[in-house]
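entry00.txt follows (compact mmCIF, C-alpha atoms and all ligand atoms):
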```txt
# COMPACT_ATOMS: atom_id res chain seq x y z
CA MET A 64 0.00 0.00 0.00
CA VAL A 65 1.15 3.53 -0.84
CA LEU A 66 0.37 6.01 1.93
CA ILE A 67 0.35 9.68 0.99
CA ILE A 68 0.19 12.34 3.70
CA ASN A 69 -0.51 15.78 2.33
CA THR A 70 0.34 18.37 5.00
CA THR A 71 -0.22 21.34 2.66
CA SER A 72 -3.58 22.99 2.05
CA ASN A 73 -3.17 22.31 -1.67
CA SER A 74 -5.68 19.46 -2.01
CA ASN A 75 -5.28 19.71 -5.77
CA MET A 76 -2.08 17.66 -5.47
CA SER A 77 -3.98 14.91 -3.65
CA GLU A 78 -6.57 14.84 -6.43
CA ILE A 79 -3.95 14.61 -9.19
CA LEU A 80 -2.18 11.76 -7.39
CA LYS A 81 -5.45 9.91 -6.79
CA GLY A 82 -6.17 10.13 -10.53
CA LEU A 83 -2.72 8.88 -11.52
CA LEU A 84 -2.71 6.02 -9.00
CA ASN A 85 -6.23 4.92 -9.90
CA GLN A 86 -5.07 4.68 -13.52
CA LYS A 87 -2.15 2.47 -12.45
CA LYS A 88 -4.47 0.44 -10.18
CA THR A 89 -2.12 1.09 -7.29
CA ASP A 90 -3.35 0.35 -3.78
CA PHE A 91 -3.14 3.71 -2.03
CA ASP A 92 -4.47 5.90 0.75
CA VAL A 93 -4.31 9.69 0.72
CA ILE A 94 -4.62 11.61 3.97
CA ASP A 95 -5.05 15.39 3.84
CA THR A 96 -3.97 16.76 7.19
CA ALA A 97 -4.72 20.45 6.54
CA ASP A 98 -7.83 20.29 8.71
CA MET A 99 -6.40 17.79 11.15
CA ASN A 100 -4.81 18.33 14.48
CA ILE A 101 -1.21 17.09 14.47
CA SER A 102 1.03 18.33 17.25
CA HIS A 103 4.81 18.45 17.35
CA CYS A 104 6.73 15.81 19.34
CA MET A 105 7.56 17.12 22.82
CA GLY A 106 10.21 14.51 23.50
CA CYS A 107 8.54 13.23 26.67
CA GLY A 108 9.93 9.73 26.14
CA HIS A 109 6.75 7.92 27.14
CA CYS A 110 6.55 6.05 23.81
CA TRP A 111 9.87 4.43 24.71
CA LEU A 112 9.74 4.02 28.45
CA LYS A 113 6.23 4.30 29.85
CA ASN A 114 3.72 3.11 27.28
CA PRO A 115 5.96 1.50 24.62
CA GLY A 116 4.90 2.25 21.04
CA THR A 117 2.08 4.64 21.97
CA CYS A 118 2.34 8.44 21.80
CA VAL A 119 0.83 10.27 24.77
CA ILE A 120 -0.51 12.98 22.48
CA ASN A 121 -4.07 12.06 21.64
CA ASP A 122 -4.50 13.70 18.22
CA ASP A 123 -4.93 12.69 14.58
CA TYR A 124 -1.47 11.15 14.30
CA ALA A 125 -2.61 7.91 15.98
CA GLY A 126 -4.58 6.91 12.88
CA ILE A 127 -1.61 7.79 10.68
CA MET A 128 0.75 5.63 12.73
CA GLN A 129 -1.54 2.62 12.29
CA LYS A 130 -1.33 3.13 8.53
CA ILE A 131 2.43 3.73 8.38
CA ILE A 132 3.23 0.38 9.95
CA THR A 133 1.37 -1.44 7.18
CA ALA A 134 2.47 0.77 4.24
CA ASP A 135 5.12 -0.23 1.71
CA GLN A 136 5.69 3.42 0.86
CA LEU A 137 5.09 6.66 2.69
CA TRP A 138 5.03 9.93 0.75
CA VAL A 139 4.99 13.15 2.72
CA ILE A 140 3.82 16.25 0.86
CA SER A 141 5.01 19.39 2.59
CA ASP A 142 5.40 23.12 2.24
CA THR A 143 8.91 24.42 2.78
CA ALA A 144 10.51 26.99 5.05
CA LEU A 145 14.11 28.16 5.45
CA GLY A 146 15.35 25.76 2.75
CA PHE A 147 13.84 22.72 4.44
CA LEU A 148 10.42 21.16 5.15
CA ASN A 149 8.23 23.49 7.16
CA HIS A 150 7.25 22.48 10.67
CA LYS A 151 4.11 20.64 9.57
CA GLY A 152 6.11 18.32 7.34
CA LYS A 153 8.85 17.89 9.93
CA ASN A 154 6.32 17.08 12.66
CA VAL A 155 5.12 14.08 10.63
CA PHE A 156 8.70 12.75 10.77
CA ASP A 157 9.32 13.57 14.44
CA ARG A 158 6.12 11.85 15.50
CA ILE A 159 7.22 8.60 13.84
CA LEU A 160 9.46 7.94 16.85
CA PRO A 161 7.22 5.26 18.50
CA ILE A 162 7.94 3.04 15.47
CA LEU A 163 11.39 2.54 17.02
CA CYS A 164 12.10 0.87 20.38
CA ILE A 165 14.56 2.40 22.78
CA TYR A 166 16.83 -0.64 22.30
CA LEU A 167 19.98 -0.06 20.27
CA GLU A 168 21.99 -2.06 17.77
CA PHE A 169 24.69 -1.39 15.20
CA ARG A 170 23.54 -1.42 11.58
CA GLY A 171 26.47 -0.87 9.30
CA ASP A 172 28.98 1.03 11.41
CA GLN A 173 26.53 3.28 13.27
CA MET A 174 24.16 2.96 16.21
CA ARG A 175 20.50 2.63 15.35
CA HIS A 176 17.33 1.87 17.23
CA ILE A 177 15.69 -1.52 16.79
CA LEU A 178 12.48 -1.36 14.75
CA ARG A 179 9.33 -2.17 16.69
CA TYR A 180 7.45 -3.72 13.74
CA ASP A 181 8.39 -6.07 10.91
CA LYS A 182 7.26 -3.82 8.07
CA ARG A 183 9.87 -1.64 6.34
CA THR A 184 8.35 1.50 4.86
CA ASP A 185 10.26 3.36 2.13
CA ILE A 186 9.80 7.12 2.19
CA GLY A 187 9.57 9.87 -0.42
CA ILE A 188 9.01 13.63 -0.18
CA ILE A 189 7.12 16.02 -2.42
CA TYR A 190 7.81 19.64 -1.54
CA GLN A 191 6.00 22.82 -2.45
CA GLY A 192 8.14 25.97 -2.38
CA GLU A 193 11.84 26.81 -2.27
CA ALA A 194 14.08 24.22 -0.67
CA ASN A 195 17.57 22.88 -0.97
CA ARG A 196 16.90 19.66 -2.87
CA ASN A 197 20.37 18.22 -2.31
CA TYR A 198 19.97 18.69 1.38
CA LEU A 199 16.51 17.15 1.45
CA GLN A 200 17.83 14.09 -0.39
CA GLN A 201 20.75 13.75 2.03
CA TRP A 202 18.43 14.18 5.00
CA LEU A 203 15.92 11.63 3.72
CA ASP A 204 18.73 9.11 3.20
CA ARG A 205 19.63 9.45 6.86
CA CYS A 206 15.99 9.21 7.99
CA THR A 207 15.38 6.04 6.05
CA ASP A 208 18.66 4.54 7.33
CA ASN A 209 17.28 5.03 10.82
CA LEU A 210 14.09 3.24 9.80
CA ASP A 211 15.99 0.46 8.03
CA SER A 212 14.22 1.35 4.78
CA LYS A 213 14.99 3.14 1.50
CA SER A 214 14.67 6.72 0.33
CA LEU A 215 12.38 7.25 -2.66
CA GLY A 216 13.78 10.73 -3.21
CA ALA A 217 12.67 14.34 -2.75
CA TYR A 218 10.64 15.87 -5.59
CA PRO A 219 9.53 19.46 -6.13
CA VAL A 220 5.84 19.78 -7.00
CA ALA A 221 6.81 20.47 -10.61
CA GLU A 222 7.94 16.81 -10.74
CA LEU A 223 4.78 15.38 -9.19
CA LYS A 224 4.31 13.02 -12.14
CA GLU A 225 7.86 11.68 -11.83
CA ALA A 226 7.21 11.03 -8.15
CA ALA A 227 3.95 9.26 -9.01
CA LYS A 228 5.89 6.93 -11.33
CA CYS A 229 7.82 5.69 -8.28
CA MET A 230 4.63 4.95 -6.36
CA HIS A 231 3.78 1.27 -6.36
CA MET B 882 30.53 40.25 25.11
CA HIS B 883 26.84 39.56 25.49
CA ALA B 884 25.21 36.39 24.15
CA LEU B 885 21.59 35.56 23.51
CA ILE B 886 21.08 31.82 23.97
CA ILE B 887 17.97 30.02 22.80
CA ASN B 888 17.26 26.49 24.01
CA GLY B 889 15.54 24.92 20.97
CA SER B 890 14.38 21.75 22.73
CA PRO B 891 10.64 21.02 22.75
CA ARG B 892 11.11 19.37 26.14
CA VAL B 893 10.22 21.42 29.20
CA LYS B 894 13.25 22.97 30.86
CA GLN B 895 13.22 20.69 33.89
CA PHE B 896 13.73 17.57 31.74
CA SER B 897 15.72 19.10 28.90
CA ASN B 898 19.23 17.73 28.35
CA THR B 899 20.04 20.89 26.41
CA ASP B 900 19.22 22.89 29.53
CA LYS B 901 21.71 20.90 31.62
CA ILE B 902 24.35 21.40 28.95
CA LEU B 903 23.63 25.14 28.89
CA GLU B 904 24.02 25.36 32.68
CA LYS B 905 27.69 24.46 32.29
CA PHE B 906 28.24 26.25 29.00
CA THR B 907 26.88 29.57 30.33
CA ALA B 908 28.89 29.16 33.54
CA GLY B 909 31.98 29.01 31.31
CA LEU B 910 30.86 32.09 29.40
CA ARG B 911 30.26 34.07 32.59
CA GLU B 912 33.62 33.07 34.08
CA CYS B 913 35.20 34.78 31.10
CA GLY B 914 33.20 37.97 31.51
CA CYS B 915 30.46 37.28 28.99
CA SER B 916 26.92 38.18 30.01
CA VAL B 917 24.05 35.94 28.86
CA GLU B 918 20.30 35.80 28.52
CA VAL B 919 18.71 32.37 28.02
CA TYR B 920 15.25 31.48 26.69
CA GLU B 921 13.40 28.22 26.06
CA ILE B 922 11.24 27.72 23.00
CA SER B 923 9.31 25.05 24.94
CA VAL B 924 7.51 28.02 26.50
CA ARG B 925 5.32 29.10 23.61
CA ASN B 926 4.10 32.15 25.50
CA ASP B 927 7.64 33.54 25.33
CA TRP B 928 7.98 33.30 21.54
CA GLU B 929 7.27 36.99 20.88
CA LYS B 930 9.78 37.98 23.54
CA ILE B 931 12.41 35.63 22.11
CA ARG B 932 11.84 36.87 18.56
CA GLU B 933 12.29 40.41 19.84
CA ALA B 934 15.55 39.38 21.54
CA PHE B 935 16.64 37.74 18.26
CA LYS B 936 16.09 41.06 16.54
CA GLU B 937 17.98 43.07 19.18
CA ASN B 938 21.05 40.83 19.63
CA ASP B 939 24.02 40.37 17.31
CA ASN B 940 25.63 37.40 19.06
CA ILE B 941 23.19 34.53 19.17
CA ILE B 942 23.55 30.84 19.99
CA ILE B 943 20.79 28.34 19.34
CA ALA B 944 21.30 25.14 21.35
CA LEU B 945 19.24 22.19 20.18
CA PRO B 946 18.75 18.44 20.35
CA LEU B 947 18.96 16.57 17.04
CA TYR B 948 15.43 15.43 16.15
CA VAL B 949 15.19 12.92 13.31
CA GLU B 950 18.51 14.08 11.82
CA CYS B 951 17.63 17.79 11.86
CA VAL B 952 15.88 20.61 13.72
CA PRO B 953 12.93 19.67 15.99
CA GLY B 954 9.52 20.47 14.43
CA LEU B 955 8.67 22.90 17.22
CA LEU B 956 11.94 24.82 16.76
CA MET B 957 11.23 24.91 13.02
CA GLU B 958 7.86 26.51 13.76
CA PHE B 959 9.57 29.11 15.95
CA LEU B 960 12.23 29.85 13.33
CA GLU B 961 9.61 30.31 10.61
CA GLY B 962 8.38 33.40 12.44
CA LEU B 963 11.78 35.14 12.65
CA ALA B 964 12.53 38.24 10.62
CA PRO B 965 15.79 37.72 8.66
CA LYS B 966 18.83 39.72 9.79
CA ASP B 967 22.10 40.81 8.21
CA GLU B 968 25.78 39.87 8.38
CA ASN B 969 26.26 41.97 11.52
CA THR B 970 24.56 39.19 13.45
CA ARG B 971 26.56 36.09 14.13
CA LEU B 972 24.52 32.92 14.64
CA SER B 973 26.21 29.89 16.21
CA PHE B 974 24.80 26.55 17.30
CA ILE B 975 25.23 23.88 19.94
CA LEU B 976 23.97 20.63 18.44
CA GLN B 977 23.64 17.66 20.79
CA SER B 978 22.09 14.24 20.33
CA GLY B 979 21.38 10.78 21.65
CA PHE B 980 23.55 8.64 19.38
CA ALA B 981 27.20 8.96 20.30
CA GLU B 982 29.28 9.09 17.11
CA GLY B 983 30.11 12.39 15.44
CA ALA B 984 28.90 11.10 12.06
CA GLN B 985 25.37 10.95 13.48
CA LEU B 986 25.18 14.73 13.78
CA ARG B 987 26.70 15.86 10.47
CA CYS B 988 23.44 15.91 8.56
CA GLY B 989 21.93 18.17 11.21
CA GLU B 990 25.05 20.33 11.25
CA ASN B 991 24.83 20.74 7.46
CA TYR B 992 21.36 22.14 7.85
CA LEU B 993 22.40 24.59 10.58
CA ARG B 994 25.06 26.02 8.25
CA LEU B 995 22.34 26.52 5.63
CA LEU B 996 19.97 27.92 8.22
CA ALA B 997 22.35 30.71 9.30
CA GLY B 998 22.38 31.86 5.66
CA GLN B 999 18.60 31.53 5.36
CA LEU B 1000 18.26 33.87 8.34
CA GLY B 1001 20.74 36.28 6.75
CA CYS B 1002 23.23 35.82 9.60
CA LYS B 1003 26.95 35.20 9.61
CA TYR B 1004 27.61 31.57 10.59
CA GLY B 1005 29.58 31.17 13.84
CA GLY B 1006 29.96 27.39 13.58
CA THR B 1007 28.33 24.51 15.42
CA LEU B 1008 29.57 22.77 18.54
CA VAL B 1009 28.76 19.14 17.77
CA LYS B 1010 28.46 16.34 20.30
CA GLY B 1011 26.33 13.26 20.82
CA ASP B 1012 25.97 10.73 23.63
CA ASN B 1013 23.77 13.04 25.70
CA PHE B 1014 20.63 10.88 25.93
CA GLY B 1015 21.48 9.85 29.49
CA ILE B 1016 21.73 13.34 31.05
CA ARG B 1017 18.09 13.27 32.07
CA PHE B 1018 18.52 9.96 33.87
CA ALA B 1019 21.76 10.86 35.64
CA GLU B 1020 22.14 12.89 38.80
CA GLY B 1021 24.88 14.62 40.77
CA LYS B 1022 28.42 13.60 39.87
CA GLU B 1023 27.27 11.21 37.17
CA ARG B 1024 25.44 14.01 35.40
CA ASP B 1025 28.35 16.43 35.87
CA LYS B 1026 30.65 13.94 34.19
CA ILE B 1027 28.60 14.31 31.01
CA THR B 1028 27.90 18.05 31.16
CA GLU B 1029 31.01 19.55 32.79
CA PRO B 1030 33.13 19.54 29.58
CA TYR B 1031 30.73 22.13 28.14
CA ARG B 1032 32.07 24.69 30.66
CA LYS B 1033 35.40 24.76 28.80
CA MET B 1034 33.55 25.25 25.53
CA GLY B 1035 31.79 28.25 27.07
CA GLN B 1036 35.14 29.74 28.02
CA ILE B 1037 36.47 29.22 24.52
CA PHE B 1038 33.39 30.77 22.94
CA ALA B 1039 33.80 33.80 25.23
CA GLN B 1040 37.33 34.22 23.85
CA ASN B 1041 36.80 33.41 20.17
CA GLY B 1042 33.17 34.34 19.61
CA ASP B 1043 32.67 31.25 17.45
CA PHE B 1044 33.02 27.44 17.41
CA PHE B 1045 35.67 27.20 14.68
CA SER B 1046 38.69 26.42 16.88
CA ASP B 1047 40.43 23.03 16.91
CA GLU B 1048 39.36 22.46 20.50
CA CYS B 1049 35.71 22.81 19.53
CA ARG B 1050 36.21 20.54 16.55
CA LYS B 1051 37.84 17.85 18.71
CA PHE B 1052 35.04 18.12 21.27
CA THR B 1053 32.89 15.94 18.98
CA GLY B 1054 34.98 12.83 19.63
CA PRO B 1055 35.26 9.98 17.11
CA GLU B 1056 33.23 10.18 13.88
CA ILE B 1057 32.70 6.42 13.90
CA PHE B 1058 33.58 4.01 16.69
CA PRO B 1059 36.41 1.56 15.99
CA LEU B 1060 35.37 -2.05 15.45
CA PRO B 1061 36.51 -3.43 18.84
CA LEU B 1062 34.47 -0.77 20.63
CA ARG B 1063 31.47 -1.52 18.42
CA LEU B 1064 31.69 -5.19 19.26
CA PHE B 1065 31.89 -4.41 22.95
CA LEU B 1066 28.92 -2.00 22.76
CA LYS B 1067 26.92 -4.56 20.80
CA LEU B 1068 27.24 -6.91 23.74
CA LEU B 1069 26.41 -4.12 26.18
CA PHE B 1070 23.29 -3.15 24.20
CA LYS B 1071 21.96 -6.70 24.42
CA THR B 1072 22.60 -7.11 28.13
CA VAL B 1073 23.35 -4.36 30.66
CA GLN B 1074 21.74 -1.57 28.66
CA ARG B 1075 18.49 -3.46 28.16
CA LYS B 1076 18.30 -4.10 31.89
CA ASN B 1077 18.98 -0.43 32.64
CA PHE B 1078 16.26 0.73 30.27
CA GLN B 1079 13.84 -1.76 31.81
CA LYS B 1080 14.72 -0.46 35.27
CA VAL B 1081 13.94 3.12 34.27
CA ALA B 1082 10.72 1.96 32.60
CA THR B 1083 9.59 0.18 35.75
CA LYS B 1084 10.25 3.37 37.71
CA TRP B 1085 8.10 5.24 35.20
CA GLY B 1086 5.24 2.79 35.84
CA CYS B 1087 5.64 0.83 32.62
CA THR B 1088 3.98 -2.58 32.70
CA LYS B 1089 4.71 -3.75 29.14
CA PRO B 1090 7.87 -5.05 27.47
CA LEU B 1091 9.77 -2.19 25.81
CA ASP B 1092 9.41 -3.80 22.37
CA TYR B 1093 5.63 -4.09 22.80
CA LYS B 1094 3.58 -3.61 19.60
CA PRO B 1095 0.37 -1.66 20.30
CA TYR B 1096 -0.65 -1.51 16.61
CA LYS B 1097 -1.84 -4.46 14.55
CA GLU B 1098 0.48 -5.43 11.70
CA LYS B 1099 -2.33 -7.20 9.80
C1 LIG C 1101 11.57 12.86 18.19
C2 LIG C 1101 13.01 12.65 18.55
C3 LIG C 1101 13.94 12.43 17.54
C4 LIG C 1101 15.29 12.25 17.83
N1 LIG C 1101 16.16 12.03 16.80
C5 LIG C 1101 17.47 11.81 17.06
C6 LIG C 1101 18.37 11.54 15.98
O1 LIG C 1101 18.01 11.54 14.80
N2 LIG C 1101 19.66 11.26 16.29
C7 LIG C 1101 20.11 11.27 17.58
O2 LIG C 1101 21.29 11.00 17.80
N3 LIG C 1101 19.28 11.55 18.62
C8 LIG C 1101 17.96 11.82 18.38
N4 LIG C 1101 17.10 12.09 19.42
C9 LIG C 1101 17.63 12.15 20.82
C10 LIG C 1101 17.82 13.56 21.35
O3 LIG C 1101 18.57 14.36 20.48
C11 LIG C 1101 18.55 13.52 22.70
O4 LIG C 1101 17.87 12.69 23.60
C12 LIG C 1101 18.73 14.89 23.31
O5 LIG C 1101 19.69 14.82 24.36
C13 LIG C 1101 17.45 15.50 23.87
O6 LIG C 1101 17.70 16.81 24.39
P1 LIG C 1101 16.56 17.63 25.15
O7 LIG C 1101 16.24 16.88 26.42
O8 LIG C 1101 17.13 18.99 25.45
O9 LIG C 1101 15.39 17.71 24.24
C14 LIG C 1101 15.74 12.29 19.17
C15 LIG C 1101 14.81 12.49 20.20
C16 LIG C 1101 13.46 12.67 19.90
C17 LIG C 1101 12.49 12.91 21.03
```

Turn the structure described in the file into C-alpha cells.
Ligand SMILES: Cc1cc2nc3c(=O)[nH]c(=O)nc-3n(C[C@H](O)[C@H](O)[C@H](O)COP(=O)(O)O)c2cc1C
Amino acid sequence: MVLIINTTSNSNMSEILKGLLNQKKTDFDVIDTADMNISHCMGCGHCWLKNPGTCVINDDYAGIMQKIITADQLWVISDTALGFLNHKGKNVFDRILPILCIYLEFRGDQMRHILRYDKRTDIGIIYQGEANRNYLQQWLDRCTDNLDSKSLGAYPVAELKEAAKCMH
Amino acid sequence: MHALIINGSPRVKQFSNTDKILEKFTAGLRECGCSVEVYEISVRNDWEKIREAFKENDNIIIALPLYVECVPGLLMEFLEGLAPKDENTRLSFILQSGFAEGAQLRCGENYLRLLAGQLGCKYGGTLVKGDNFGIRFAEGKERDKITEPYRKMGQIFAQNGDFFSDECRKFTGPEIFPLPLRLFLKLLFKTVQRKNFQKVATKWGCTKPLDYKPYKEK
C-alpha cells in the first residue's frame, strides 16, 4: 500500500495523485492533514519508556501511525521553510518515533534503534516551495537509514508526475 | 561580550538535556566575563519575547537536540516566524544528540550552516556532540561527568566568539567508533543496557515489554 500524507492545504495535489494512481491500479491511501490536528513531538519519552509504542498525544497522528506500519511506501507532501520542510512536514517525521524501540543495535557502522514492527516503509518527499533539494535528499537518506528502509527521493511539486511513477 | 542563547528543545526545561548542557556552558561564558540571557522555545508564550531578543542581539547561539537528523519540528515553527537579519549578526549553534558518534550529527550540522544563511546571519559554527541521551537519567556527579566539559567550551566561545577552533572541533569525539568498541557495545546493548532501560521503565510505571507492539500489523 502507498500512503500519501498531504500536509499542505493544496488538495489539488492529492486529487492529481489519486487520478494517476487509480489509472495504475495502485493500492493507495491519501490523507489530507490540513484540517487535522497534528502536534509536534515534545520529547517526553513515554513512547519508549512508559507506554511502549504509543504516543501520549491524543491527536490525529494515531490513525496515521496505524497506517504507516502497514504501508510499503510513505510519501509526505510538505510546504517548505528556510530551505527545508516546514514544521508541519517535519512534525510528521518527528512523531514517527514510537515506530522505534529504545533498544539499540549497530547497523552498518553506526548505532540505530531496533524497529518495533516487521514492516519496512520506504519514504519519499514532495515539496511545495523553495528548498535545498540536495539537502533534502541527504536528509531523507539518513531518515530512512534510521528506519531500516529506502529513500524514494525528494521531488519538487513540478515533478509530481515523476514522483507518481515511483509509487507502487 | 553579550550572548543571547535560545534552548531549541521542545522538552520542558526541567527535563531538557540541552538545559543541563547550557548550565555548564553559560557558567563558562560568565567566568570569562560574557553576560548571557537564556530562553526556552518550549515556553510558547515567550515566543514573541524571544523573537524580539533575536532582533535586538548580534551574538546569538541556538542550542538544540537533534530530532530525526535535523531541527525539531517545534523549533522549526519558531524559526519560521523570525525576521531575517544581516551579516552583523553572528549565529552559532550547539547541536547535541542521543547517538554517540560524530557522524550521526553531520546531517543536522549541514542544515544549521544553511539555516544561518537563510536567516541572513553570519555563521559562527556549530559545537557538535552526541551521547547526551542519558543526562536526564543521571544525577549529581554522574550528570556532571557528562555536562562539565561544556564549561570549557563556554570559556572558549567567550574568547573566540565562534566554534571554529580546533578544540571545539575535537570536542565531537570519534566520527565512527572503531570495530573493537562496536563489538563491545553490541554486547552491552543486548545485556546491561536493556536491563537499565527496563529499570527506568519500571520506575516510570511501565507494565509492558519495551518492544511491545500496540498496533496491529495485519
Ligand atoms: C523525536 C526525537 C527524535 C530524535 N532524533 C534523534 C536523531 O536523529 N539522532 C540522535 O542522535 N538523537 C535523536 N534524538 C535524541 C535527542 O537528540 C537527545 O535525547 C537529546 O539529548 C534530547 O535533548 P533535550 O532533552 O534537550 O530535548 C531524538 C529524540 C526525539 C524525542

Q.
At a cut-off of 7 Å around ligand LIG 1101 (chain C), and using only C-alpha atoms and all ligand atoms, what residues come up? Please write them as a PyMOL selection string.
A. (chain A and resi 104-108+157-158+160) or (chain B and resi 890-892+896-900+945-951+977-981+985-986+1011+1013-1014+1017)

Q. What gap, in Å, lies between atom CA of Ser72 of chain A and atom CA of Ile140 of chain A?
A. 10.1 Å

Q: Would you kindly report the residues of chain A within 9 Å of chain B, using all atoms listed in the file, as a PyMOL selection string?
A: chain A and resi 102-107+109+111-117+128-129+132-133+144-157+160+162-169+172-175+177-182+195+198+201-203+205-206+209

Q: Considering only C-alpha atoms, state which residue in the set A:Gly187, A:Gly192, A:Pro219, A:Gly82 is at the smallest distance from Val139 of chain A.
A: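 The shortest atom-to-atom distance to Val139 of chain A comes from A:Gly187.
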
Q: Would you kindly return, as a list in words, each protein, DNA or RNA residue with an atom no farther than 9 Å from any atom of Ile943 of chain B, considering only C-alpha atoms and excluding same-chain residues fewer than 3 positions away?
A: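 Contacts, with the query itself left out: Leu885, Ile886, Ile887, Asn888, Gly889, Leu972, Ser973, Phe974, Ile975 and Leu976 of chain B.
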
Those same residues, written as a PDB file, in the coordinates of the input with C-alpha atoms?
```
ATOM      1  CA  LEU B 885      21.590  35.560  23.510  1.00  0.00           C
ATOM      2  CA  ILE B 886      21.080  31.820  23.970  1.00  0.00           C
ATOM      3  CA  ILE B 887      17.970  30.020  22.800  1.00  0.00           C
ATOM      4  CA  ASN B 888      17.260  26.490  24.010  1.00  0.00           C
ATOM      5  CA  GLY B 889      15.540  24.920  20.970  1.00  0.00           C
ATOM      6  CA  LEU B 972      24.520  32.920  14.640  1.00  0.00           C
ATOM      7  CA  SER B 973      26.210  29.890  16.210  1.00  0.00           C
ATOM      8  CA  PHE B 974      24.800  26.550  17.300  1.00  0.00           C
ATOM      9  CA  ILE B 975      25.230  23.880  19.940  1.00  0.00           C
ATOM     10  CA  LEU B 976      23.970  20.630  18.440  1.00  0.00           C
TER      11      LEU B 976
END
```

Q. What's the 9 Å shell around Thr96 of chain A, counting only C-alpha atoms, without same-chain residues fewer than 3 positions away, as number ranges by chain?
A. A: 68-72, 99-101, 123

Output segment 985-996 of chain B from the block with N, CA, C and O atoms, as a short mmCIF file (atom, residue, chain, number, x, y, z; two decimals), in the first residue's frame?
```cif
data_model
loop_
_atom_site.label_atom_id
_atom_site.label_comp_id
_atom_site.auth_asym_id
_atom_site.auth_seq_id
_atom_site.Cartn_x
_atom_site.Cartn_y
_atom_site.Cartn_z
N GLN B 985 26.83 10.91 13.31
CA GLN B 985 25.37 10.95 13.48
C GLN B 985 24.82 12.37 13.39
O GLN B 985 23.63 12.57 13.12
N LEU B 986 25.69 13.36 13.68
CA LEU B 986 25.18 14.73 13.78
C LEU B 986 25.49 15.59 12.55
O LEU B 986 25.07 16.74 12.48
N ARG B 987 26.23 15.03 11.59
CA ARG B 987 26.70 15.86 10.47
C ARG B 987 25.57 16.34 9.57
O ARG B 987 25.62 17.45 9.05
N CYS B 988 24.57 15.50 9.40
CA CYS B 988 23.44 15.91 8.56
C CYS B 988 22.71 17.10 9.20
O CYS B 988 22.36 18.07 8.52
N GLY B 989 22.54 17.05 10.50
CA GLY B 989 21.93 18.17 11.21
C GLY B 989 22.81 19.41 11.14
O GLY B 989 22.33 20.52 10.90
N GLU B 990 24.11 19.20 11.31
CA GLU B 990 25.05 20.33 11.25
C GLU B 990 24.99 20.99 9.86
O GLU B 990 25.01 22.23 9.76
N ASN B 991 24.92 20.18 8.82
CA ASN B 991 24.83 20.74 7.46
C ASN B 991 23.63 21.65 7.31
O ASN B 991 23.70 22.68 6.64
N TYR B 992 22.53 21.26 7.94
CA TYR B 992 21.36 22.14 7.85
C TYR B 992 21.59 23.45 8.60
O TYR B 992 21.20 24.52 8.13
N LEU B 993 22.22 23.37 9.77
CA LEU B 993 22.40 24.59 10.58
C LEU B 993 23.26 25.62 9.83
O LEU B 993 23.01 26.82 9.92
N ARG B 994 24.23 25.12 9.06
CA ARG B 994 25.06 26.02 8.25
C ARG B 994 24.17 26.73 7.21
O ARG B 994 24.25 27.95 7.04
N LEU B 995 23.30 25.95 6.58
CA LEU B 995 22.34 26.52 5.63
C LEU B 995 21.40 27.51 6.30
O LEU B 995 21.10 28.59 5.77
N LEU B 996 20.97 27.13 7.50
CA LEU B 996 19.97 27.92 8.22
C LEU B 996 20.50 29.33 8.55
O LEU B 996 19.77 30.31 8.41
#
```
